$ cat entry-v5.cif   # mmCIF, C-alpha atoms and all ligand atoms
data_my_file
#
loop_
_atom_site.label_atom_id
_atom_site.label_comp_id
_atom_site.auth_asym_id
_atom_site.auth_seq_id
_atom_site.Cartn_x
_atom_site.Cartn_y
_atom_site.Cartn_z
CA MET G 22 63.49 75.73 136.12
CA ALA G 23 65.00 79.26 136.17
CA GLN G 24 68.77 79.13 136.23
CA PRO G 25 70.67 80.70 139.19
CA ARG G 26 72.89 83.70 138.50
CA ARG G 27 75.09 84.15 141.60
CA SER G 28 78.84 83.66 141.19
CA VAL G 29 80.11 80.26 142.33
CA PRO G 30 83.90 79.96 142.87
CA LEU G 31 84.90 76.39 141.90
CA ILE G 32 87.96 74.19 142.13
CA LEU G 33 87.47 71.14 139.89
CA ASP G 34 89.47 67.97 140.61
CA VAL G 35 89.53 65.86 137.45
CA ASP G 36 90.93 62.70 135.84
CA THR G 37 90.25 63.94 132.29
CA GLY G 38 88.66 61.44 130.68
CA ILE G 39 85.85 62.04 128.29
CA ASP G 40 83.08 63.00 130.73
CA ASP G 41 85.55 65.11 132.72
CA SER G 42 86.26 67.05 129.52
CA LEU G 43 82.54 67.60 129.04
CA ALA G 44 82.38 68.84 132.64
CA LEU G 45 85.22 71.29 131.94
CA LEU G 46 83.38 72.57 128.85
CA TYR G 47 80.18 72.88 130.87
CA ALA G 48 81.95 74.87 133.60
CA CYS G 49 83.60 77.14 131.00
CA ALA G 50 80.17 77.65 129.40
CA SER G 51 78.48 78.55 132.71
CA PRO G 52 78.49 82.28 133.42
CA GLU G 53 77.92 81.77 137.14
CA ALA G 54 81.01 79.53 137.47
CA GLU G 55 84.22 81.22 138.60
CA ILE G 56 86.84 78.54 137.85
CA VAL G 57 89.45 79.21 140.51
CA ALA G 58 91.65 76.27 139.42
CA VAL G 59 91.61 72.71 138.09
CA THR G 60 93.56 70.00 139.92
CA CYS G 61 94.49 66.75 138.21
CA SER G 62 94.39 63.24 139.66
CA ALA G 63 95.39 59.90 138.20
CA GLY G 64 92.39 57.75 137.33
CA ASN G 65 90.96 57.29 133.86
CA VAL G 66 94.51 57.77 132.56
CA ASP G 67 97.79 58.62 134.31
CA ALA G 68 98.13 62.02 136.00
CA ARG G 69 100.47 63.51 133.39
CA GLN G 70 98.06 62.62 130.58
CA VAL G 71 95.20 64.04 132.67
CA ALA G 72 97.09 67.32 132.99
CA GLU G 73 97.78 67.35 129.23
CA ASN G 74 94.13 66.64 128.36
CA THR G 75 92.81 69.16 130.88
CA ARG G 76 94.91 72.02 129.54
CA ALA G 77 94.12 71.10 125.91
CA VAL G 78 90.37 71.13 126.63
CA LEU G 79 90.59 74.44 128.51
CA GLU G 80 92.42 75.94 125.52
CA LEU G 81 89.73 74.53 123.19
CA ALA G 82 87.18 76.33 125.40
CA GLY G 83 89.16 79.57 125.25
CA ARG G 84 90.31 79.41 128.90
CA PRO G 85 94.13 79.16 128.84
CA ASP G 86 94.10 81.48 131.88
CA VAL G 87 92.87 78.79 134.31
CA GLU G 88 95.48 77.46 136.74
CA VAL G 89 95.98 73.69 136.26
CA ALA G 90 97.92 71.68 138.84
CA VAL G 91 98.87 68.04 139.04
CA GLY G 92 98.92 65.97 142.21
CA ARG G 93 100.06 62.57 143.34
CA GLU G 94 100.53 60.25 140.40
CA ALA G 95 99.27 57.13 142.19
CA PRO G 96 96.65 56.23 144.81
CA LEU G 97 97.66 56.54 148.46
CA LEU G 98 98.35 52.86 149.07
CA ARG G 99 97.44 50.87 145.99
CA GLU G 100 98.77 50.43 142.48
CA LEU G 101 97.17 52.76 139.93
CA VAL G 102 94.61 51.20 137.63
CA THR G 103 93.47 53.14 134.57
CA THR G 104 90.65 52.50 132.12
CA PRO G 105 91.77 52.94 128.50
CA GLU G 106 88.92 50.70 127.38
CA THR G 107 86.44 53.34 128.62
CA HIS G 108 88.12 56.63 127.71
CA GLY G 109 90.72 55.60 125.13
CA PRO G 110 94.51 55.20 125.47
CA ARG G 111 94.98 58.94 125.94
CA GLY G 112 91.70 59.59 127.73
CA ILE G 113 89.87 61.56 125.02
CA GLY G 114 88.53 58.73 122.91
CA TRP G 115 89.04 59.15 119.16
CA ALA G 116 89.54 62.93 119.47
CA GLU G 117 92.74 64.73 118.56
CA LEU G 118 93.72 67.99 120.31
CA PRO G 119 96.85 70.09 119.77
CA PRO G 120 99.36 69.81 122.63
CA PRO G 121 98.58 72.55 125.18
CA VAL G 122 100.64 75.74 125.30
CA MET G 123 99.49 76.91 128.76
CA PRO G 124 101.95 75.90 131.52
CA LEU G 125 101.26 73.64 134.47
CA SER G 126 100.98 75.40 137.85
CA PRO G 127 104.13 75.25 139.99
CA ARG G 128 101.80 74.28 142.88
CA ARG G 129 100.86 70.63 143.49
CA SER G 130 97.14 69.84 143.72
CA PRO G 131 96.78 69.28 147.50
CA GLU G 132 98.82 72.41 148.22
CA LEU G 133 96.65 74.46 145.84
CA ILE G 134 93.41 73.20 147.42
CA VAL G 135 94.56 74.04 150.96
CA GLU G 136 96.05 77.43 150.03
CA GLU G 137 92.96 78.58 148.11
CA ALA G 138 90.59 77.37 150.86
CA ARG G 139 92.59 79.31 153.46
CA ARG G 140 92.76 82.38 151.21
CA ARG G 141 88.98 82.45 150.60
CA PRO G 142 87.41 80.83 153.69
CA GLY G 143 83.82 79.70 153.16
CA GLU G 144 83.73 80.72 149.48
CA ILE G 145 85.05 77.86 147.38
CA THR G 146 83.11 74.80 146.24
CA LEU G 147 85.49 71.89 145.62
CA VAL G 148 84.00 69.55 143.01
CA THR G 149 85.74 66.18 142.71
CA LEU G 150 85.24 64.25 139.47
CA ALA G 151 88.08 61.79 140.05
CA PRO G 152 89.60 59.50 142.67
CA LEU G 153 89.88 61.40 145.96
CA THR G 154 93.66 61.11 146.36
CA ASN G 155 94.36 64.87 146.19
CA VAL G 156 91.50 65.79 148.51
CA ALA G 157 92.55 63.19 151.07
CA ILE G 158 96.08 64.61 151.20
CA ALA G 159 94.66 68.14 151.48
CA ALA G 160 92.35 67.08 154.33
CA LEU G 161 95.24 65.40 156.17
CA ARG G 162 97.32 68.56 155.82
CA GLU G 163 94.47 70.90 156.81
CA PRO G 164 91.96 69.32 159.24
CA GLU G 165 89.88 72.50 159.02
CA LEU G 166 89.32 71.97 155.27
CA PRO G 167 85.64 70.95 155.71
CA ARG G 168 85.00 74.26 157.44
CA LEU G 169 87.16 76.35 155.10
CA LEU G 170 85.37 75.16 151.96
CA ARG G 171 81.89 76.41 151.13
CA ARG G 172 81.04 72.87 150.03
CA LEU G 173 82.64 69.61 148.91
CA VAL G 174 80.75 68.03 146.00
CA ILE G 175 81.81 64.50 145.13
CA MET G 176 81.14 62.56 141.95
CA GLY G 177 81.58 59.15 143.48
CA GLY G 178 80.01 56.14 145.06
CA ALA G 179 76.98 53.95 144.56
CA TYR G 180 74.64 54.20 147.53
CA ARG G 181 71.52 52.25 146.61
CA VAL G 182 72.57 50.91 143.19
CA PRO G 183 75.25 48.51 141.91
CA GLY G 184 78.77 49.68 141.23
CA ASN G 185 80.20 50.19 137.73
CA THR G 186 83.64 48.78 138.42
CA THR G 187 82.91 45.92 140.83
CA PRO G 188 79.42 44.82 141.88
CA VAL G 189 79.61 47.27 144.79
CA SER G 190 82.12 50.01 143.87
CA GLU G 191 82.07 53.00 141.58
CA TRP G 192 85.24 53.86 139.62
CA ASN G 193 86.43 57.01 141.47
CA VAL G 194 86.13 55.29 144.84
CA HIS G 195 87.45 51.98 143.48
CA VAL G 196 90.73 53.51 142.27
CA ASP G 197 91.57 54.91 145.71
CA PRO G 198 89.22 53.63 148.43
CA ASP G 199 91.69 54.59 151.16
CA ALA G 200 91.54 58.22 150.04
CA ALA G 201 87.75 58.12 149.88
CA ARG G 202 87.59 56.73 153.43
CA ILE G 203 89.89 59.54 154.66
CA VAL G 204 87.71 62.20 153.00
CA PHE G 205 84.34 60.92 154.29
CA GLY G 206 86.01 60.46 157.69
CA ALA G 207 87.31 64.04 157.72
CA TRP G 208 83.81 65.38 157.09
CA ALA G 209 82.40 63.04 159.74
CA ARG G 210 84.88 64.33 162.34
CA ALA G 211 84.10 67.96 161.46
CA VAL G 212 80.34 67.36 161.79
CA GLU G 213 80.87 65.56 165.11
CA ALA G 214 83.00 68.46 166.38
CA ASP G 215 80.19 70.86 165.48
CA MET G 216 77.71 68.78 167.41
CA ALA G 217 80.01 68.50 170.40
CA ALA G 218 80.22 72.31 170.39
CA GLY G 219 76.45 72.60 170.13
CA ARG G 220 76.57 74.01 166.57
CA GLY G 221 75.02 72.83 163.34
CA GLU G 222 72.04 70.64 162.65
CA THR G 223 71.36 67.62 164.81
CA ALA G 224 69.40 65.93 162.04
CA GLY G 225 69.72 66.19 158.30
CA THR G 226 67.51 68.77 156.67
CA GLY G 227 67.86 69.56 153.03
CA VAL G 228 70.75 70.45 150.87
CA GLY G 229 73.28 73.28 151.12
CA ARG G 230 73.02 76.05 153.68
CA THR G 231 70.01 77.19 155.64
CA SER G 232 69.45 80.94 155.73
CA ALA G 233 70.15 80.83 159.47
CA GLU G 234 73.62 79.53 158.69
CA ASP G 235 74.14 82.31 156.18
CA VAL G 236 73.17 84.81 158.84
CA GLN G 237 75.53 83.12 161.32
CA ARG G 238 78.28 83.19 158.70
CA ALA G 239 77.77 86.92 158.36
CA SER G 240 78.71 87.29 162.01
CA TRP G 241 81.60 84.81 161.76
CA GLY G 242 83.06 86.37 158.63
CA ASN G 243 83.40 83.98 155.73
CA ALA G 244 84.46 80.90 157.64
CA SER G 245 81.46 78.76 158.25
CA PRO G 246 80.15 78.31 161.81
CA THR G 247 78.93 74.85 160.89
CA VAL G 248 80.34 72.32 158.51
CA PRO G 249 78.22 71.69 155.41
CA ARG G 250 77.90 67.96 154.76
CA ALA G 251 79.60 66.68 151.61
CA LEU G 252 77.20 66.55 148.66
CA ALA G 253 77.78 63.01 147.38
CA ILE G 254 76.42 62.35 143.90
CA GLY G 255 76.90 58.75 142.86
CA LEU G 256 75.70 56.42 140.15
CA ASP G 257 72.24 56.50 141.76
CA VAL G 258 71.78 59.87 140.04
CA THR G 259 74.48 60.19 137.35
CA GLU G 260 73.22 57.08 135.56
CA GLN G 261 69.80 58.70 135.23
CA ALA G 262 71.22 60.99 132.51
CA ARG G 263 71.95 59.29 129.18
CA LEU G 264 73.52 61.49 126.49
CA LEU G 265 72.32 60.24 123.11
CA PRO G 266 73.25 61.15 119.51
CA ARG G 267 70.08 63.23 119.26
CA HIS G 268 71.42 65.46 122.06
CA LEU G 269 74.48 66.13 119.90
CA GLY G 270 72.11 67.10 117.10
CA ALA G 271 70.34 69.56 119.41
CA LEU G 272 73.72 70.88 120.51
CA ALA G 273 74.73 71.42 116.87
CA ASP G 274 71.46 73.33 116.31
CA ARG G 275 72.25 75.50 119.35
CA ALA G 276 75.71 76.11 117.89
CA GLY G 277 74.15 77.15 114.58
CA THR G 278 75.53 74.22 112.56
CA ALA G 279 74.08 71.16 110.83
CA ALA G 280 72.60 68.72 113.33
CA PRO G 281 72.60 65.68 110.98
CA ALA G 282 76.32 66.12 110.28
CA LEU G 283 77.20 66.03 113.97
CA GLU G 284 74.91 63.09 114.68
CA ALA G 285 76.50 61.26 111.73
CA ARG G 286 80.01 61.91 113.05
CA VAL G 287 79.18 60.75 116.56
CA ARG G 288 77.94 57.50 115.02
CA SER G 289 80.75 56.93 112.54
CA GLY G 290 84.28 58.19 112.05
CA ASP G 291 83.70 57.80 108.28
CA ALA G 292 81.37 60.81 108.38
CA PRO G 293 83.07 64.15 107.63
CA PRO G 294 84.36 65.98 110.76
CA PRO G 295 82.54 69.20 111.74
CA GLU G 296 84.38 72.42 110.95
CA ASN G 297 83.63 73.71 114.44
CA LEU G 298 86.50 72.46 116.63
CA VAL G 299 84.42 72.14 119.81
CA LEU G 300 81.81 70.07 117.98
CA ARG G 301 84.51 68.01 116.28
CA TYR G 302 86.06 67.27 119.67
CA LEU G 303 82.72 66.30 121.18
CA ALA G 304 81.82 64.01 118.27
CA ASP G 305 85.17 62.16 118.25
CA ALA G 306 85.51 61.88 122.03
CA LEU G 307 81.90 60.85 122.58
CA ARG G 308 81.90 58.35 119.70
CA PHE G 309 84.50 56.30 121.60
CA TYR G 310 82.53 56.68 124.87
CA MET G 311 79.23 55.69 123.20
CA GLU G 312 80.86 52.66 121.58
CA PHE G 313 82.03 51.63 125.07
CA HIS G 314 78.52 52.04 126.51
CA GLU G 315 77.03 50.08 123.62
CA THR G 316 79.18 47.14 124.67
CA SER G 317 79.02 47.57 128.44
CA ASP G 318 75.53 48.98 128.98
CA HIS G 319 73.73 47.96 125.78
CA PHE G 320 72.76 51.42 124.56
CA TYR G 321 74.49 53.73 122.06
CA GLY G 322 74.93 56.75 124.26
CA ALA G 323 76.84 57.74 127.38
CA PHE G 324 76.43 58.18 131.10
CA ILE G 325 77.98 61.62 131.52
CA HIS G 326 78.62 61.52 135.25
CA ASP G 327 80.94 64.50 135.67
CA PRO G 328 79.03 67.33 133.94
CA PHE G 329 75.87 66.30 135.84
CA VAL G 330 77.79 66.81 139.09
CA VAL G 331 79.19 70.20 138.02
CA ALA G 332 75.67 71.28 137.02
CA ALA G 333 74.39 70.20 140.46
CA ALA G 334 77.28 71.97 142.22
CA LEU G 335 76.18 75.16 140.44
CA ASP G 336 72.50 74.51 141.10
CA ASP G 337 71.70 71.92 143.77
CA ARG G 338 68.01 72.07 142.88
CA LEU G 339 68.92 69.57 140.15
CA VAL G 340 69.21 66.81 142.77
CA ARG G 341 67.22 65.64 145.76
CA THR G 342 69.34 64.41 148.63
CA GLU G 343 69.02 62.65 151.95
CA PRO G 344 71.46 63.18 154.83
CA VAL G 345 73.20 59.96 155.89
CA ALA G 346 76.37 58.70 157.51
CA VAL G 347 78.69 57.30 154.83
CA ASP G 348 81.86 55.25 155.28
CA VAL G 349 84.02 53.38 152.75
CA GLU G 350 85.08 49.73 152.80
CA THR G 351 88.82 49.42 152.19
CA GLY G 352 89.65 45.91 153.42
CA GLY G 353 87.14 43.64 151.74
CA ALA G 354 88.50 41.15 149.24
CA ILE G 355 85.37 41.58 147.11
CA SER G 356 83.90 44.76 148.65
CA ALA G 357 86.82 47.20 148.71
CA GLY G 358 85.62 50.57 147.39
CA GLN G 359 82.04 50.10 148.53
CA THR G 360 80.43 53.32 149.80
CA VAL G 361 78.35 52.19 152.74
CA ALA G 362 75.42 54.47 153.66
CA ASP G 363 73.79 53.89 157.05
CA TRP G 364 70.22 54.55 155.92
CA ARG G 365 68.75 52.93 159.07
CA HIS G 366 71.02 54.92 161.46
CA LEU G 367 72.36 51.66 162.93
CA TRP G 368 75.77 53.16 163.62
CA GLY G 369 74.36 56.09 165.61
CA ARG G 370 76.71 58.50 163.81
CA PRO G 371 75.66 61.98 162.55
CA ALA G 372 75.21 62.40 158.81
CA ASN G 373 78.47 63.47 157.10
CA ALA G 374 76.98 63.48 153.60
CA ASP G 375 73.94 64.61 151.67
CA VAL G 376 73.59 61.71 149.24
CA ALA G 377 71.76 62.43 146.00
CA VAL G 378 68.88 59.99 145.61
CA GLU G 379 67.11 61.62 142.66
CA GLY G 380 68.18 63.97 139.86
CA ASP G 381 66.43 66.03 137.21
CA ALA G 382 68.21 64.45 134.24
CA ASP G 383 66.07 66.18 131.63
CA ALA G 384 66.73 69.64 133.05
CA PHE G 385 70.45 68.86 133.25
CA LEU G 386 70.65 67.59 129.65
CA GLU G 387 68.71 70.59 128.38
CA ARG G 388 71.11 72.94 130.23
CA LEU G 389 74.14 71.03 128.92
CA VAL G 390 72.94 71.27 125.30
CA ASP G 391 72.13 74.95 125.68
CA ARG G 392 75.34 76.00 127.42
CA VAL G 393 77.89 73.86 125.56
CA GLY G 394 76.11 74.57 122.27
CA ALA G 395 76.42 78.31 122.94
CA LEU G 396 80.10 77.85 123.83
CA ALA G 397 80.66 76.00 120.54
CA ALA G 398 78.96 78.86 118.69
CA ARG G 399 81.22 81.40 120.39
CA ARG G 400 84.34 79.36 119.70
CA GLY G 401 83.26 78.52 116.14
O1 LIG M 501 82.27 56.28 137.72
C1 LIG M 501 82.28 57.43 136.93
C2 LIG M 501 83.46 58.27 137.21
O2 LIG M 501 84.65 57.54 136.93
C3 LIG M 501 83.55 59.53 136.33
O3 LIG M 501 84.19 60.56 137.04
C4 LIG M 501 84.41 59.08 135.17
O4 LIG M 501 85.16 60.14 134.59
C5 LIG M 501 85.36 58.15 135.86
O5 LIG M 501 86.40 58.94 136.42
CA CA M 502 86.16 61.62 136.09
#
$ encode --input "entry-v5.cif" --output "structure tokens"
Amino acid sequence: MAQPRRSVPLILDVDTGIDDSLALLYACASPEAEIVAVTCSAGNVDARQVAENTRAVLELAGRPDVEVAVGREAPLLRELVTTPETHGPRGIGWAELPPPVMPLSPRRSPELIVEEARRRPGEITLVTLAPLTNVAIAALREPELPRLLRRLVIMGGAYRVPGNTTPVSEWNVHVDPDAARIVFGAWARAVEADMAAGRGETAGTGVGRTSAEDVQRASWGNASPTVPRALAIGLDVTEQARLLPRHLGALADRAGTAAPALEARVRSGDAPPPENLVLRYLADALRFYMEFHETSDHFYGAFIHDPFVVAAALDDRLVRTEPVAVDVETGGAISAGQTVADWRHLWGRPANADVAVEGDADAFLERLVDRVGALAARRG
């Protein structure tokens, strides 16, 4: 599959964590990605640690210029839960990174999201790889956010598969289900307003914009005449991509270093660390993550949710989606955090999301190895 080459302005919302860090490296390694800013949410670890990890990984990637902001340090209504057993006490597994030098932005995350969307109407893709706390606050402050963004791409939810945190909820939605419900509701209201005004599609067709909408946008300036549905990529797709030690070997090859040495290090901390600092980080962070998956999912490898979603945000041909109305359970004693998709149209509501139902995991993994391997070579 030929890779796209247009420029894609991105804001990434992260709870850096191990797969978030891989997503940051992937974005830094992608020539078509214009990283406008990175906003930090509490989730895998607390928000301050997320901000520390995010800046340290951006510096490792040679991108100390990227603006990094921190947002609310707790979910909207609930106590914060973190997951040190999955990502390690500091969120980067067994890896060690020097404390970052780059400063934090003076702007808070929701403020940054709203200001940048207003400054560049219709241009920015907001990719959320974390609980949706920041985005919910931004949407409450700016009801036009769905129309001001080019697209919202969410790593979150489980639409036709079990959850990974409770039987029905995926981690990002589980941490702050109230925020997730506000975000899906904001996009639902924007789509309904379009329909009431006789704009937009009456039924779901495909992913992203139609050329007609691009033509319309040309006449409306950058702000979109119709609201693009949120691209919701949940476990249905992200758990189709399993990163295995052999992928690290291929990545070492692409970086021009010894594959067996990297594979050895990702399997055991007794193996010598790679000289290349990007590869050393990957091996030590992913070894922790793979040990977790060995226990929790019975394979020595890793579901790398976040970079799959960034890759799809840059090239939505990597996923196949179906338009559907999505809402989030917040009250259930055992079902809070469930993303409920109305596949049979029983609610009679318009689709507010394009939910990914299939993904090209092989193409994604090949692109990840190629791009992050090339980044490691450049940084080596
Ligand atoms: O459920 C997977 C998601 O939760 C990923 O974003 C991972 O980083 C964790 O935040
Ligand atoms: Ca994440």
$ residues_near_point --input "entry-v5.cif" --point "(83.0, 78.5, 141.0)" --cutoff "8 Å" --atoms "all atoms listed in the file" --output "number ranges by chain"
G: 28-32, 53-57, 145-146, 335
$ closest_atom_pairs --input "entry-v5.cif" --of "chain G" --to "ligand CA 502 (chain M)" --cutoff "8 Å" --atoms "all atoms listed in the file" --output "tab-separated table"
residue	atom	partner	partner_atom	distance
G:Val35	CA	M:CA502	CA	5.6
G:Asp36	CA	M:CA502	CA	4.9
G:Thr37	CA	M:CA502	CA	6.0
G:Gly38	CA	M:CA502	CA	6.0
G:Ile39	CA	M:CA502	CA	7.8
G:Asp40	CA	M:CA502	CA	6.3
G:Asp41	CA	M:CA502	CA	4.9
G:Gly64	CA	M:CA502	CA	7.4
G:Asn65	CA	M:CA502	CA	6.8
G:Leu150	CA	M:CA502	CA	4.4
G:Ala151	CA	M:CA502	CA	4.4
G:Pro152	CA	M:CA502	CA	7.7
G:Met176	CA	M:CA502	CA	7.8
G:Asn193	CA	M:CA502	CA	7.1
G:His326	CA	M:CA502	CA	7.6
G:Asp327	CA	M:CA502	CA	6.0
$ write_last_selection --input "entry-v5.cif" --atoms "C-alpha atoms" --output "mmCIF file, in the coordinates of the input"
data_model
loop_
_atom_site.group_PDB
_atom_site.id
_atom_site.type_symbol
_atom_site.label_atom_id
_atom_site.label_comp_id
_atom_site.auth_asym_id
_atom_site.auth_seq_id
_atom_site.Cartn_x
_atom_site.Cartn_y
_atom_site.Cartn_z
ATOM 1 C CA VAL G 35 89.530 65.860 137.450
ATOM 2 C CA ASP G 36 90.930 62.700 135.840
ATOM 3 C CA THR G 37 90.250 63.940 132.290
ATOM 4 C CA GLY G 38 88.660 61.440 130.680
ATOM 5 C CA ILE G 39 85.850 62.040 128.290
ATOM 6 C CA ASP G 40 83.080 63.000 130.730
ATOM 7 C CA ASP G 41 85.550 65.110 132.720
ATOM 8 C CA GLY G 64 92.390 57.750 137.330
ATOM 9 C CA ASN G 65 90.960 57.290 133.860
ATOM 10 C CA LEU G 150 85.240 64.250 139.470
ATOM 11 C CA ALA G 151 88.080 61.790 140.050
ATOM 12 C CA PRO G 152 89.600 59.500 142.670
ATOM 13 C CA MET G 176 81.140 62.560 141.950
ATOM 14 C CA ASN G 193 86.430 57.010 141.470
ATOM 15 C CA HIS G 326 78.620 61.520 135.250
ATOM 16 C CA ASP G 327 80.940 64.500 135.670
#
$ residues_near_point --input "entry-v5.cif" --point "(102.0, 72.4, 142.2)" --cutoff "10 Å" --atoms "all atoms listed in the file" --output "MDAnalysis selection string"
chainID G and resid 60 88:92 125:133
$ closest_residue --input "entry-v5.cif" --among "G:Leu269, G:Ala218, G:Val393, G:Ile325" --to "ligand LIG 501 (chain M)" --atoms "only C-alpha atoms and all ligand atoms"
G:Ile325
$ residues_around --input "entry-v5.cif" --residues "Pro119 in chain G" --least-positions-apart "6" --cutoff "10 Å" --atoms "all atoms listed in the file" --output "VMD selection string"
chain G and resid 73 to 74 77 to 78 80 to 81
$ atom_distance --input "entry-v5.cif" --atom1 "CA of Ala160 in chain G" --atom2 "CA of Ala207 in chain G"
6.8 Å
$ axis_aligned_box --input "entry-v5.cif" --around "ligand LIG 501 (chain M)" --padding-each-side "4 Å" --output "AutoDock Vina command-line options"
--center_x 84.3 --center_y 58.4 --center_z 136.2 --size_x 12.1 --size_y 12.3 --size_z 11.1
$ residues_around --input "entry-v5.cif" --residues "Ala251 in chain G" --least-positions-apart "3" --cutoff "7 Å" --atoms "all atoms listed in the file" --output "MDAnalysis selection string"
chainID G and resid 172:174 373:375
$ residues_around --input "entry-v5.cif" --residues "range 99-114 of chain G" --least-positions-apart "2" --cutoff "10 Å" --atoms "only C-alpha atoms" --output "PyMOL selection string"
chain G and resi 36-42+63-67+70-71+73-74+78+94-97+116-118+192+195-199+302-314+317
$ closest_residue --input "entry-v5.cif" --among "G:Gly255, G:Pro183, G:Pro371, G:Pro344" --to "ligand LIG 501 (chain M)" --atoms "all atoms listed in the file"
G:Gly255
$ residues_around --input "entry-v5.cif" --residues "range 164-166 of chain G" --least-positions-apart "5" --cutoff "9 Å" --atoms "all atoms listed in the file" --output "MDAnalysis selection string"
chainID G and resid 134:135 138:139 159 207:208 211
$ atom_distance --input "entry-v5.cif" --atom1 "CA of Ala82 in chain G" --atom2 "CA of Ala397 in chain G"
8.1 Å
$ closest_residue --input "entry-v5.cif" --among "G:Phe320, G:Trp368, G:Phe385, G:Phe329" --to "ligand LIG 501 (chain M)" --atoms "all atoms listed in the file"
G:Phe329
$ closest_residue --input "entry-v5.cif" --among "G:Arg168, G:Arg341, G:Arg84, G:Arg181" --to "Ala362 in chain G" --atoms "all atoms listed in the file"
G:Arg181
$ atom_distance --input "entry-v5.cif" --atom1 "CA of Pro249 in chain G" --atom2 "CA of Leu389 in chain G"
26.8 Å
$ residues_around --input "entry-v5.cif" --residues "Ala292 in chain G" --least-positions-apart "5" --cutoff "12 Å" --atoms "only C-alpha atoms" --output "list of chain:residue names"
G:Pro281, G:Ala282, G:Leu283, G:Glu284, G:Ala285, G:Arg286, G:Val287, G:Arg301, G:Ala304, G:Asp305, G:Arg308
$ closest_residue --input "entry-v5.cif" --among "G:Arg93, G:Gln359, G:Gly394, G:Arg388" --to "Asn297 in chain G" --atoms "only C-alpha atoms"
G:Gly394
$ closest_residue --input "entry-v5.cif" --among "G:Val87, G:Leu367, G:Val212, G:Val194" --to "ligand LIG 501 (chain M)" --atoms "only C-alpha atoms and all ligand atoms"
G:Val194
